[in-house]
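Student: my_file-v4.cif is reproduced in full below (mmCIF, C-alpha atoms).
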```
data_input
loop_
_atom_site.label_atom_id
_atom_site.label_comp_id
_atom_site.auth_asym_id
_atom_site.auth_seq_id
_atom_site.Cartn_x
_atom_site.Cartn_y
_atom_site.Cartn_z
CA MET A 1 -63.77 -0.78 -163.92
CA SER A 2 -66.76 -3.06 -163.58
CA ALA A 3 -70.01 -2.45 -165.41
CA GLY A 4 -72.99 -1.02 -163.57
CA LEU A 5 -71.31 1.95 -161.88
CA VAL A 6 -73.58 4.96 -162.03
CA LEU A 7 -73.14 8.68 -161.44
CA PRO A 8 -75.76 11.03 -160.06
CA ARG A 9 -76.86 13.62 -162.58
CA TYR A 10 -77.57 17.18 -161.52
CA GLN A 11 -80.45 19.00 -163.20
CA ARG A 12 -79.80 22.11 -165.28
CA PRO A 13 -82.24 24.76 -164.06
CA ASP A 14 -83.35 26.48 -167.27
CA GLY A 15 -84.07 30.19 -167.09
CA VAL A 16 -83.26 30.61 -163.39
CA HIS A 17 -79.81 32.21 -163.48
CA PRO A 18 -79.13 35.62 -165.04
CA PRO A 19 -77.75 35.71 -168.58
CA LEU A 20 -74.02 36.41 -168.41
CA ASN A 21 -74.48 39.16 -170.98
CA SER A 22 -76.79 41.59 -169.20
CA PRO A 23 -76.07 45.00 -170.78
CA GLU A 24 -77.96 46.89 -168.05
CA TYR A 25 -75.23 45.69 -165.69
CA ARG A 26 -72.36 47.54 -167.28
CA SER A 27 -69.47 45.53 -165.85
CA SER A 28 -70.74 42.46 -167.69
CA GLN A 29 -69.85 44.07 -171.00
CA LEU A 30 -66.10 43.83 -170.37
CA ARG A 31 -66.12 40.47 -168.64
CA ALA A 32 -68.93 38.19 -169.75
CA PRO A 33 -67.89 35.79 -172.54
CA LEU A 34 -69.21 36.46 -176.04
CA ARG A 35 -69.33 32.83 -177.14
CA PRO A 36 -72.07 30.50 -175.94
CA LEU A 37 -71.09 28.10 -173.16
CA VAL A 38 -70.05 24.63 -174.36
CA PRO A 39 -72.22 21.85 -172.89
CA MET A 40 -70.15 19.45 -170.80
CA PRO A 41 -71.39 16.02 -169.68
CA GLN A 42 -71.15 15.56 -165.92
CA GLY A 43 -68.32 13.20 -165.04
CA LEU A 44 -66.57 12.24 -161.83
CA THR A 45 -64.99 15.68 -161.35
CA GLU A 46 -68.37 17.39 -161.66
CA VAL A 47 -70.46 15.13 -159.39
CA THR A 48 -67.90 15.32 -156.58
CA GLY A 49 -66.68 18.41 -154.74
CA PRO A 50 -64.93 19.64 -151.64
CA LEU A 51 -66.51 18.54 -148.35
CA PHE A 52 -65.29 20.77 -145.56
CA GLY A 53 -65.02 19.52 -142.02
CA ALA A 54 -65.91 21.27 -138.81
CA GLU A 55 -62.21 21.78 -138.09
CA ARG A 56 -62.10 24.81 -140.38
CA VAL A 57 -65.06 26.64 -138.83
CA THR A 58 -65.58 27.83 -135.26
CA ALA A 59 -68.85 28.93 -133.67
CA ALA A 60 -67.48 32.48 -133.43
CA ASP A 61 -67.24 32.61 -137.25
CA ALA A 62 -71.05 32.77 -137.44
CA ASP A 63 -71.34 35.87 -135.22
CA LEU A 64 -70.20 39.03 -136.98
CA THR A 65 -71.00 41.24 -133.98
CA THR A 66 -68.52 39.94 -131.40
CA ARG A 67 -65.15 40.21 -133.14
CA HIS A 68 -64.03 43.44 -131.52
CA ALA A 69 -64.01 45.21 -128.19
CA GLY A 70 -67.13 47.18 -129.10
CA GLU A 71 -70.34 46.22 -130.86
CA PRO A 72 -71.00 47.29 -134.43
CA ILE A 73 -73.53 50.06 -135.03
CA GLY A 74 -76.77 49.02 -136.70
CA GLU A 75 -79.85 46.85 -136.47
CA ARG A 76 -78.74 43.53 -134.96
CA ILE A 77 -80.30 40.62 -136.83
CA VAL A 78 -80.46 36.84 -136.60
CA LEU A 79 -80.35 35.43 -140.12
CA THR A 80 -81.21 31.76 -140.48
CA GLY A 81 -82.49 29.32 -143.07
CA ARG A 82 -81.98 25.96 -144.69
CA VAL A 83 -79.87 24.85 -147.59
CA LEU A 84 -81.86 22.39 -149.71
CA ASP A 85 -81.60 20.52 -153.00
CA SER A 86 -84.31 21.27 -155.54
CA ASP A 87 -85.53 17.74 -154.86
CA GLY A 88 -86.28 18.86 -151.31
CA ARG A 89 -83.44 17.22 -149.41
CA PRO A 90 -81.54 19.25 -146.81
CA VAL A 91 -77.84 19.76 -147.57
CA SER A 92 -76.17 19.07 -144.24
CA GLY A 93 -72.62 19.86 -143.23
CA THR A 94 -72.04 22.26 -146.12
CA LEU A 95 -69.99 25.43 -145.86
CA VAL A 96 -71.88 28.74 -146.06
CA GLU A 97 -69.80 31.92 -146.38
CA ILE A 98 -71.14 35.47 -146.24
CA TRP A 99 -69.83 39.00 -146.63
CA GLN A 100 -71.56 42.36 -146.48
CA ALA A 101 -71.40 46.14 -146.04
CA ASN A 102 -71.83 47.74 -142.63
CA ALA A 103 -74.99 49.52 -141.45
CA ALA A 104 -73.91 52.70 -143.28
CA GLY A 105 -73.49 50.89 -146.60
CA ARG A 106 -69.69 50.84 -146.49
CA TYR A 107 -67.53 47.76 -147.07
CA ASN A 108 -64.42 47.39 -144.96
CA HIS A 109 -62.39 47.15 -148.18
CA PRO A 110 -59.79 49.51 -149.70
CA VAL A 111 -61.62 49.67 -153.06
CA ASP A 112 -64.83 51.01 -151.49
CA ASN A 113 -64.71 54.82 -151.60
CA HIS A 114 -68.33 55.49 -150.67
CA PRO A 115 -68.09 58.43 -148.22
CA ALA A 116 -69.90 56.67 -145.41
CA PRO A 117 -68.21 55.75 -142.14
CA ILE A 118 -66.20 52.59 -141.62
CA ASP A 119 -67.23 50.74 -138.47
CA ARG A 120 -64.11 49.66 -136.57
CA ASN A 121 -66.19 47.01 -134.86
CA PHE A 122 -67.39 45.35 -138.04
CA ASP A 123 -65.34 43.32 -140.56
CA GLY A 124 -68.27 42.01 -142.57
CA GLY A 125 -67.31 38.36 -143.20
CA GLY A 126 -68.66 35.16 -141.66
CA ARG A 127 -68.96 31.41 -142.24
CA CYS A 128 -70.67 28.36 -140.82
CA LEU A 129 -71.51 24.75 -141.59
CA THR A 130 -75.13 23.69 -141.96
CA ASP A 131 -76.47 21.29 -139.33
CA SER A 132 -78.05 17.88 -139.94
CA GLN A 133 -81.25 19.60 -141.15
CA GLY A 134 -79.33 21.87 -143.55
CA ARG A 135 -79.80 24.88 -141.28
CA TYR A 136 -77.40 27.80 -141.04
CA THR A 137 -77.61 30.71 -138.59
CA PHE A 138 -75.69 33.99 -138.50
CA VAL A 139 -75.82 36.91 -136.11
CA THR A 140 -74.94 40.17 -137.85
CA ILE A 141 -76.24 43.67 -138.47
CA LYS A 142 -78.48 44.75 -141.32
CA PRO A 143 -76.30 46.18 -144.11
CA GLY A 144 -77.09 49.57 -145.60
CA PRO A 145 -77.74 50.36 -149.27
CA TYR A 146 -74.98 52.19 -151.13
CA PRO A 147 -74.41 54.11 -154.37
CA TRP A 148 -72.40 52.74 -157.29
CA ARG A 149 -71.50 53.95 -160.75
CA ASN A 150 -73.47 51.63 -162.99
CA HIS A 151 -75.85 54.38 -164.17
CA PRO A 152 -76.77 57.87 -162.93
CA ASN A 153 -78.00 57.80 -159.32
CA ALA A 154 -77.59 54.04 -159.06
CA TRP A 155 -78.00 52.44 -155.61
CA ARG A 156 -77.65 48.82 -154.60
CA PRO A 157 -80.49 47.48 -152.44
CA ALA A 158 -79.26 46.25 -149.06
CA HIS A 159 -77.89 42.74 -149.53
CA ILE A 160 -75.68 40.05 -148.04
CA HIS A 161 -73.41 37.99 -150.32
CA PHE A 162 -73.69 34.20 -149.91
CA SER A 163 -71.31 31.49 -151.14
CA LEU A 164 -72.38 27.81 -151.12
CA PHE A 165 -70.71 24.55 -152.10
CA GLY A 166 -73.34 21.83 -151.74
CA ARG A 167 -71.79 18.41 -152.21
CA ALA A 168 -70.78 18.57 -155.88
CA PHE A 169 -68.88 20.90 -158.19
CA THR A 170 -72.11 21.31 -160.18
CA GLN A 171 -73.93 22.72 -157.13
CA ARG A 172 -71.52 25.59 -156.41
CA LEU A 173 -73.50 28.82 -156.04
CA VAL A 174 -72.66 32.42 -155.21
CA THR A 175 -75.62 34.72 -154.78
CA GLN A 176 -77.01 37.68 -152.83
CA MET A 177 -79.77 37.81 -150.24
CA TYR A 178 -82.04 40.84 -150.14
CA PHE A 179 -84.40 42.26 -147.52
CA PRO A 180 -88.19 42.42 -147.93
CA GLY A 181 -89.83 45.60 -149.17
CA ASP A 182 -86.67 47.33 -150.39
CA PRO A 183 -87.65 50.36 -152.52
CA LEU A 184 -84.43 50.02 -154.56
CA PHE A 185 -85.29 46.75 -156.32
CA ALA A 186 -86.91 48.39 -159.36
CA GLN A 187 -83.75 50.25 -160.42
CA ASP A 188 -81.17 47.56 -159.62
CA PRO A 189 -79.78 45.79 -162.72
CA ILE A 190 -78.18 43.02 -160.66
CA PHE A 191 -81.40 42.02 -158.88
CA ASN A 192 -83.31 42.38 -162.17
CA SER A 193 -80.74 40.42 -164.18
CA VAL A 194 -82.71 37.34 -163.08
CA PRO A 195 -85.21 37.08 -165.93
CA ASP A 196 -88.10 35.42 -164.07
CA PRO A 197 -89.81 37.77 -161.57
CA LYS A 198 -90.80 34.77 -159.44
CA ALA A 199 -87.19 33.64 -159.28
CA ARG A 200 -86.16 37.14 -158.13
CA GLN A 201 -88.49 36.75 -155.16
CA ARG A 202 -86.48 33.68 -154.11
CA MET A 203 -83.53 35.98 -153.34
CA ILE A 204 -85.53 37.96 -150.73
CA ALA A 205 -85.50 36.92 -147.07
CA ARG A 206 -88.67 37.15 -145.01
CA PHE A 207 -89.04 38.83 -141.66
CA SER A 208 -89.72 36.23 -138.96
CA LEU A 209 -91.23 37.04 -135.60
CA ASP A 210 -90.45 33.43 -134.62
CA GLN A 211 -86.75 34.02 -135.18
CA THR A 212 -86.83 37.45 -133.56
CA VAL A 213 -85.15 37.33 -130.16
CA PRO A 214 -87.11 39.47 -127.66
CA ASP A 215 -85.31 42.61 -126.50
CA TRP A 216 -82.26 41.73 -128.62
CA ALA A 217 -82.44 41.12 -132.41
CA LEU A 218 -84.83 41.00 -135.38
CA GLY A 219 -85.12 37.65 -137.15
CA PHE A 220 -84.97 36.97 -140.89
CA GLU A 221 -85.32 33.62 -142.65
CA TRP A 222 -84.01 32.68 -146.05
CA ASP A 223 -83.80 29.22 -147.59
CA ILE A 224 -81.29 28.56 -150.34
CA VAL A 225 -81.98 25.92 -152.97
CA LEU A 226 -79.20 24.23 -154.92
CA ARG A 227 -79.54 22.09 -158.05
CA GLY A 228 -81.02 18.71 -157.27
CA ARG A 229 -80.29 15.32 -158.73
CA ASP A 230 -82.46 13.46 -161.20
CA ALA A 231 -84.35 10.80 -159.33
CA THR A 232 -84.40 8.31 -162.15
CA ALA A 233 -81.82 9.15 -164.77
CA PHE A 234 -78.31 7.91 -164.25
CA GLU A 235 -75.47 7.97 -166.72
CA PRO A 236 -73.76 4.60 -166.88
CA LEU A 237 -70.05 4.82 -166.21
CA ALA A 238 -68.58 2.85 -169.06
CA GLY A 239 -65.67 0.56 -168.24
CA ALA A 240 -62.18 1.84 -168.82
CA MET B 1 -90.56 21.03 -154.65
CA PRO B 2 -88.37 24.04 -153.89
CA GLU B 3 -86.94 25.89 -156.87
CA VAL B 4 -83.30 26.79 -157.41
CA THR B 5 -82.01 30.08 -156.00
CA PRO B 6 -80.64 32.33 -158.77
CA SER B 7 -76.97 33.22 -159.00
CA GLN B 8 -75.71 36.78 -158.47
CA THR B 9 -72.28 38.33 -158.94
CA VAL B 10 -69.62 38.14 -156.22
CA GLY B 11 -69.12 41.87 -156.73
CA PRO B 12 -65.88 43.77 -156.08
CA PHE B 13 -65.57 43.01 -152.36
CA LEU B 14 -65.30 39.22 -152.28
CA ALA B 15 -62.00 39.58 -150.41
CA LEU B 16 -64.03 40.21 -147.24
CA GLY B 17 -65.48 36.72 -147.25
CA LEU B 18 -63.84 34.23 -149.58
CA PRO B 19 -60.03 34.12 -149.45
CA TRP B 20 -58.43 31.71 -146.99
CA PRO B 21 -54.75 31.82 -146.00
CA TYR B 22 -54.34 28.19 -147.08
CA GLY B 23 -56.69 28.56 -150.07
CA PRO B 24 -54.14 28.32 -152.91
CA PHE B 25 -52.55 25.19 -151.44
CA VAL B 26 -54.27 22.04 -152.67
CA VAL B 27 -51.17 20.42 -151.15
CA PRO B 28 -48.78 22.09 -148.71
CA GLU B 29 -45.99 24.03 -150.38
CA GLY B 30 -42.87 21.88 -150.54
CA THR B 31 -44.81 18.63 -151.10
CA PRO B 32 -42.65 16.27 -153.20
CA GLY B 33 -43.98 16.25 -156.76
CA ALA B 34 -46.00 19.43 -156.27
CA ILE B 35 -46.74 21.56 -159.32
CA THR B 36 -47.76 25.21 -159.59
CA ILE B 37 -50.29 26.70 -161.95
CA THR B 38 -49.99 30.44 -162.34
CA GLY B 39 -51.93 32.70 -164.65
CA ARG B 40 -53.68 35.96 -165.20
CA VAL B 41 -57.33 36.74 -165.75
CA TYR B 42 -57.96 39.27 -168.56
CA ASP B 43 -61.04 41.25 -169.60
CA ALA B 44 -62.23 42.21 -173.10
CA ALA B 45 -59.85 45.18 -173.23
CA GLY B 46 -56.89 42.92 -172.46
CA ASP B 47 -56.58 44.45 -169.00
CA PRO B 48 -55.86 42.21 -166.00
CA VAL B 49 -58.81 41.56 -163.69
CA PRO B 50 -57.66 42.36 -160.14
CA ASP B 51 -60.84 41.32 -158.33
CA ALA B 52 -61.50 37.78 -159.54
CA LEU B 53 -61.46 34.51 -157.61
CA VAL B 54 -60.19 31.29 -159.21
CA GLU B 55 -61.18 27.94 -157.69
CA THR B 56 -59.97 24.47 -158.71
CA TRP B 57 -61.24 20.94 -158.04
CA GLN B 58 -59.52 17.75 -159.14
CA ALA B 59 -58.86 14.05 -158.67
CA ASP B 60 -55.76 12.92 -156.82
CA GLU B 61 -52.61 11.17 -158.07
CA ARG B 62 -54.43 7.83 -158.16
CA SER B 63 -57.51 9.18 -159.96
CA ARG B 64 -59.64 9.13 -156.82
CA PHE B 65 -61.88 11.52 -154.91
CA ASP B 66 -62.42 11.53 -151.16
CA HIS B 67 -66.15 11.77 -151.78
CA PRO B 68 -69.05 9.34 -151.22
CA ASP B 69 -70.65 10.01 -154.62
CA ASP B 70 -67.69 8.54 -156.49
CA PRO B 71 -69.15 5.11 -157.35
CA ARG B 72 -65.67 3.59 -157.02
CA GLY B 73 -65.79 4.56 -153.34
CA ALA B 74 -64.34 7.48 -151.43
CA ALA B 75 -60.56 7.26 -151.15
CA ARG B 76 -58.01 9.51 -149.56
CA SER B 77 -54.93 10.59 -151.44
CA ALA B 78 -51.60 9.08 -150.41
CA VAL B 79 -50.18 12.61 -150.58
CA PRO B 80 -50.31 14.12 -147.07
CA GLY B 81 -52.47 17.21 -146.86
CA PHE B 82 -54.09 16.82 -150.30
CA ARG B 83 -57.42 18.66 -150.32
CA GLY B 84 -58.49 18.50 -153.97
CA PHE B 85 -59.76 22.07 -153.75
CA GLY B 86 -57.84 25.27 -154.39
CA ARG B 87 -58.95 28.89 -154.18
CA CYS B 88 -56.95 32.01 -155.00
CA PRO B 89 -58.06 35.62 -155.48
CA THR B 90 -56.28 37.51 -158.26
CA ASP B 91 -53.84 40.22 -157.20
CA ALA B 92 -53.43 43.77 -158.51
CA ALA B 93 -51.82 42.33 -161.67
CA GLY B 94 -54.73 39.92 -162.23
CA GLN B 95 -52.57 36.97 -161.23
CA TYR B 96 -53.46 33.81 -159.31
CA ARG B 97 -51.34 30.83 -158.24
CA ILE B 98 -52.36 27.32 -157.21
CA VAL B 99 -50.02 24.74 -155.67
CA THR B 100 -51.17 21.17 -156.29
CA ILE B 101 -50.23 17.75 -157.64
CA ARG B 102 -50.95 16.31 -161.06
CA PRO B 103 -54.26 14.46 -161.15
CA ALA B 104 -54.42 11.03 -162.81
CA PRO B 105 -56.70 10.30 -165.80
CA LEU B 106 -60.32 9.46 -165.00
CA PRO B 107 -62.81 6.97 -166.42
CA SER B 108 -65.34 8.90 -168.47
CA PRO B 109 -69.11 8.56 -168.23
CA CYS B 110 -69.18 8.50 -172.05
CA GLY B 111 -66.68 5.63 -172.22
CA GLY B 112 -62.94 5.82 -172.61
CA SER B 113 -61.07 8.08 -170.27
CA GLN B 114 -60.65 11.75 -169.53
CA ALA B 115 -57.18 13.25 -169.67
CA PRO B 116 -55.76 14.65 -166.42
CA HIS B 117 -57.55 17.91 -165.72
CA LEU B 118 -58.64 20.41 -163.08
CA ASP B 119 -62.16 21.86 -163.09
CA VAL B 120 -62.07 25.63 -162.62
CA SER B 121 -64.66 28.16 -161.42
CA VAL B 122 -64.06 31.85 -162.09
CA PHE B 123 -65.93 34.48 -160.10
CA ALA B 124 -65.68 38.26 -160.56
CA ARG B 125 -67.52 41.53 -160.54
CA GLY B 126 -69.29 41.66 -163.91
CA LEU B 127 -70.02 37.92 -163.89
CA LEU B 128 -73.60 37.26 -162.85
CA ASP B 129 -72.87 33.53 -162.67
CA ARG B 130 -69.60 31.69 -162.23
CA LEU B 131 -67.68 30.65 -165.32
CA VAL B 132 -66.55 27.03 -165.55
CA THR B 133 -63.49 25.97 -167.49
CA ARG B 134 -60.86 23.20 -167.36
CA ILE B 135 -57.09 23.09 -167.17
CA TYR B 136 -55.35 20.31 -169.14
CA PHE B 137 -51.60 19.64 -169.31
CA PRO B 138 -49.37 20.36 -172.33
CA ASP B 139 -47.30 17.17 -172.00
CA GLU B 140 -50.32 14.83 -172.13
CA THR B 141 -50.64 14.93 -175.92
CA GLU B 142 -52.05 11.42 -176.36
CA ALA B 143 -54.44 11.60 -173.43
CA ASN B 144 -55.63 15.04 -174.50
CA ALA B 145 -56.25 13.78 -178.05
CA ALA B 146 -58.50 11.03 -176.66
CA ASP B 147 -60.32 13.23 -174.14
CA PRO B 148 -64.06 13.39 -174.90
CA VAL B 149 -64.54 16.91 -173.52
CA LEU B 150 -61.71 18.33 -175.63
CA ALA B 151 -62.85 16.28 -178.63
CA ALA B 152 -66.29 17.91 -178.49
CA ILE B 153 -64.68 21.29 -179.27
CA ALA B 154 -64.25 21.39 -183.04
CA GLU B 155 -62.03 24.46 -183.36
CA PRO B 156 -58.37 23.69 -182.49
CA ALA B 157 -57.68 27.27 -181.37
CA MET B 158 -60.55 27.01 -178.90
CA ARG B 159 -59.27 23.67 -177.57
CA GLU B 160 -55.87 25.26 -177.03
CA THR B 161 -57.37 27.75 -174.56
CA LEU B 162 -57.89 24.81 -172.17
CA ILE B 163 -54.29 23.55 -172.23
CA ALA B 164 -51.78 25.05 -169.82
CA SER B 165 -48.33 25.93 -171.11
CA PRO B 166 -44.98 25.38 -169.44
CA ALA B 167 -44.25 28.54 -167.45
CA ALA B 168 -41.68 30.80 -169.09
CA ASP B 169 -38.41 30.55 -167.14
CA GLY B 170 -40.13 27.89 -165.06
CA GLY B 171 -38.80 24.58 -163.89
CA PRO B 172 -40.52 21.25 -164.46
CA GLY B 173 -43.90 21.26 -162.82
CA GLU B 174 -44.46 24.99 -163.31
CA PHE B 175 -47.38 25.74 -165.59
CA ARG B 176 -49.12 28.84 -166.86
CA PHE B 177 -52.85 29.10 -167.53
CA ASP B 178 -54.28 32.48 -168.48
CA ILE B 179 -58.03 33.04 -168.54
CA ARG B 180 -59.46 35.43 -171.13
CA LEU B 181 -63.01 36.23 -170.14
CA ARG B 182 -64.18 37.86 -173.35
CA GLY B 183 -63.09 38.70 -176.89
CA GLU B 184 -59.84 37.82 -178.61
CA GLY B 185 -58.51 34.45 -177.47
CA GLU B 186 -61.58 33.96 -175.28
CA THR B 187 -61.21 30.90 -173.05
CA VAL B 188 -63.72 28.11 -173.59
CA PHE B 189 -66.30 28.09 -170.81
CA PHE B 190 -68.64 25.21 -170.11
CA ASP B 191 -72.24 24.65 -169.14
CA VAL B 192 -72.18 21.79 -166.62
#
```
Would you give me this structure, written as structure tokens?

Tutor:
Amino acid sequence: MSAGLVLPRYQRPDGVHPPLNSPEYRSSQLRAPLRPLVPMPQGLTEVTGPLFGAERVTAADADLTTRHAGEPIGERIVLTGRVLDSDGRPVSGTLVEIWQANAAGRYNHPVDNHPAPIDRNFDGGGRCLTDSQGRYTFVTIKPGPYPWRNHPNAWRPAHIHFSLFGRAFTQRLVTQMYFPGDPLFAQDPIFNSVPDPKARQRMIARFSLDQTVPDWALGFEWDIVLRGRDATAFEPLAGA
Amino acid sequence: MPEVTPSQTVGPFLALGLPWPYGPFVVPEGTPGAITITGRVYDAAGDPVPDALVETWQADERSRFDHPDDPRGAARSAVPGFRGFGRCPTDAAGQYRIVTIRPAPLPSPCGGSQAPHLDVSVFARGLLDRLVTRIYFPDETEANAADPVLAAIAEPAMRETLIASPAADGGPGEFRFDIRLRGEGETVFFDV
């Protein structure tokens, strides 16, 4: 190896992500590690990551309403936004995967026993690649809230699960997108596991009349921000 | 500047969006020299976790990545179909299985070299952020001893949680790597 090779370094966003041990979220108490995480310097494995090509994704994967003979029940929505780095650059060509409950708050999954109807016209999963500006767009229906057993009379606010890769292992992110004005936020330990109230707001989409398609579907916009790279600091890659 | 979006749990229904049919195959099954890594994910009670997702990312057999941010240049593996990335949901018994090839050692940003390893992300209901760990190989004693990431872990028993074992009743190239999320024998997890 020659001298002078440098690696990008991805910033660690302090205080943004929820603490793994969040007792209000009961499931964390059987699964979140007890020991503190061990700091690991970012090497070649961490600053690289899978880059998926268009061959794995079709345009139909981004429309969750046209998979079956009939249309799913519910409020049809267009959900769009950009994937960005925290240094403001769009993340183009990156895979975005989503999954969600149907309009009645029921997942098409054998473990979900909420007594709300399954919609035979709705599977609940979708994927797309961002365009050159980092933009993704899905057509789906607005998911319903649903009860769960975390605490007495616990209900999850309506949400859509999002999975993102970025361009490096360090940028991998799985999160949930919420809808504006949901009255269930105050009692939800998953939403409130994010310690900073301002950071919680970054998980809420905004209604967009610009994205609303007349006579057809309401529009929502939500940008997703992944860890950015330090502009100046590089770790020299020592010769081996 | 925009600020980072917080992480949230994958929840119990990730199977609706994340598994792919070819997910566990970093290389196609039957690839000459392929290895398998099989293991279970356990919770604090010692019960298997049936709703987790295990993802792996690694260098190829020549220590390269097909990625523009590798300062040595992007390079494709000579192994047909190598993808570098593996993804497998756990089954009802908490078990996952990845089919891949052995990665080569890597130059380390801290000097020296890193022993052959896979980076691992673990997602599950109950985890508000992914957990990151590494899989090292049991027959790389010298390379493991010189690995800077392993060396930074003082407690030998903790280091051992990162080293796969030969699979019981397994042939050469069959490895076992269990992941203990919490409590006794807890796997080492990293902040990257």

Student: Leaving out region 164-178 of chain A and any residue of its chain fewer than 4 positions from it, which residues lie within 6 Å of it when counting all atoms listed in the file, given as a PyMOL selection string?

Tutor: (chain A and resi 46-49+94+96+159-160+203-204+226-227) or (chain B and resi 7-8)

Student: Could you spell out the hits of the PyMOL selection byres ((chain B) within 6 of (chain A)) on the shown file, as an MDAnalysis selection string?

Tutor: chainID B and resid 1:8 16:17 43:44 71 107 109 111:112 126:128 181:182 189:192

Student: CA of Leu95 (chain A) and CA of Thr140 (chain A), how far apart in Å?

Tutor: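 We find that CA of Thr140 (chain A) and CA of Leu95 (chain A) lie 17.5 Å from each other.
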
Student: So which residues touch Asp188 (chain A) within 10 Å, counting all atoms listed in the file, skipping near sequence neighbours fewer than 6 positions away, as a list in words?

Tutor: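 The residues that qualify are Glu24, Tyr25, Asn150, His151, Ala154, Trp155, Arg156 and Pro157 of chain A.
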
Student: I need the chosen residues saved as a PDB file, keeping the file's coordinate frame, with C-alpha atoms.

Tutor:
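Output saved as part12.pdb:
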```pdb
ATOM      1  CA  GLU A  24     -77.960  46.890-168.050  1.00  0.00           C
ATOM      2  CA  TYR A  25     -75.230  45.690-165.690  1.00  0.00           C
ATOM      3  CA  ASN A 150     -73.470  51.630-162.990  1.00  0.00           C
ATOM      4  CA  HIS A 151     -75.850  54.380-164.170  1.00  0.00           C
ATOM      5  CA  ALA A 154     -77.590  54.040-159.060  1.00  0.00           C
ATOM      6  CA  TRP A 155     -78.000  52.440-155.610  1.00  0.00           C
ATOM      7  CA  ARG A 156     -77.650  48.820-154.600  1.00  0.00           C
ATOM      8  CA  PRO A 157     -80.490  47.480-152.440  1.00  0.00           C
TER       9      PRO A 157
END
```

Student: Do you know which residues are at most 12 Å from Gly173 (chain B) counting only C-alpha atoms, after dropping those on the same chain fewer than 3 positions away, and could you put them as a list in words?

Tutor: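 Neighbouring residues, sequence-local ones excluded: Pro32, Gly33, Ala34, Ile35, Thr36, Ile37, Thr38, Ile98, Val99, Thr100, Ile101, Arg102, Phe137, Pro138, Asp139, Ala164, Ser165, Pro166, Ala167, Ala168, Asp169, Gly170 and Arg176 of chain B.
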
Student: Mind dumping the selected residues with C-alpha atoms as a short mmCIF file (atom, residue, chain, number, x, y, z; two decimals), keeping the file's coordinate frame?

Tutor:
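again_6.cif was written with the following content:
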```
data_model
loop_
_atom_site.label_atom_id
_atom_site.label_comp_id
_atom_site.auth_asym_id
_atom_site.auth_seq_id
_atom_site.Cartn_x
_atom_site.Cartn_y
_atom_site.Cartn_z
CA PRO B 32 -42.65 16.27 -153.20
CA GLY B 33 -43.98 16.25 -156.76
CA ALA B 34 -46.00 19.43 -156.27
CA ILE B 35 -46.74 21.56 -159.32
CA THR B 36 -47.76 25.21 -159.59
CA ILE B 37 -50.29 26.70 -161.95
CA THR B 38 -49.99 30.44 -162.34
CA ILE B 98 -52.36 27.32 -157.21
CA VAL B 99 -50.02 24.74 -155.67
CA THR B 100 -51.17 21.17 -156.29
CA ILE B 101 -50.23 17.75 -157.64
CA ARG B 102 -50.95 16.31 -161.06
CA PHE B 137 -51.60 19.64 -169.31
CA PRO B 138 -49.37 20.36 -172.33
CA ASP B 139 -47.30 17.17 -172.00
CA ALA B 164 -51.78 25.05 -169.82
CA SER B 165 -48.33 25.93 -171.11
CA PRO B 166 -44.98 25.38 -169.44
CA ALA B 167 -44.25 28.54 -167.45
CA ALA B 168 -41.68 30.80 -169.09
CA ASP B 169 -38.41 30.55 -167.14
CA GLY B 170 -40.13 27.89 -165.06
CA ARG B 176 -49.12 28.84 -166.86
#
```

Student: State, in Å with one decimal place, the distance from CA of Arg67 (chain A) to CA of Asp215 (chain A).

Tutor: 21.4 Å

Student: What is the distance between CA of Asp230 (chain A) and CA of Pro103 (chain B), in Å to one decimal?

Tutor: 28.2 Å

Student: Every residue with an atom at most 8 Å from (-63.7, 21.9, -162.7) (file coordinates; only C-alpha atoms) is what I'm after, so could you write them as a PDB file with C-alpha atoms, in the coordinates of the input?

Tutor:
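The result, stored in point.pdb:
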```
ATOM      1  CA  THR A  45     -64.990  15.680-161.350  1.00  0.00           C
ATOM      2  CA  GLU A  46     -68.370  17.390-161.660  1.00  0.00           C
ATOM      3  CA  PHE A 169     -68.880  20.900-158.190  1.00  0.00           C
TER       4      PHE A 169
ATOM      5  CA  THR B  56     -59.970  24.470-158.710  1.00  0.00           C
ATOM      6  CA  TRP B  57     -61.240  20.940-158.040  1.00  0.00           C
ATOM      7  CA  GLN B  58     -59.520  17.750-159.140  1.00  0.00           C
ATOM      8  CA  HIS B 117     -57.550  17.910-165.720  1.00  0.00           C
ATOM      9  CA  LEU B 118     -58.640  20.410-163.080  1.00  0.00           C
ATOM     10  CA  ASP B 119     -62.160  21.860-163.090  1.00  0.00           C
ATOM     11  CA  VAL B 120     -62.070  25.630-162.620  1.00  0.00           C
ATOM     12  CA  SER B 121     -64.660  28.160-161.420  1.00  0.00           C
ATOM     13  CA  VAL B 132     -66.550  27.030-165.550  1.00  0.00           C
ATOM     14  CA  THR B 133     -63.490  25.970-167.490  1.00  0.00           C
ATOM     15  CA  ARG B 134     -60.860  23.200-167.360  1.00  0.00           C
TER      16      ARG B 134
END
```

Student: Would you pick out the contacts of Gly144 (chain A) at 6 Å or less, using only C-alpha atoms, so that residues sharing its chain but fewer than 3 positions from it are not included, and give the list as a PDB file with C-alpha atoms, keeping the file's coordinate frame?

Tutor:
```pdb
ATOM      1  CA  ALA A 103     -74.990  49.520-141.450  1.00  0.00           C
ATOM      2  CA  ALA A 104     -73.910  52.700-143.280  1.00  0.00           C
ATOM      3  CA  GLY A 105     -73.490  50.890-146.600  1.00  0.00           C
ATOM      4  CA  ALA A 158     -79.260  46.250-149.060  1.00  0.00           C
TER       5      ALA A 158
END
```
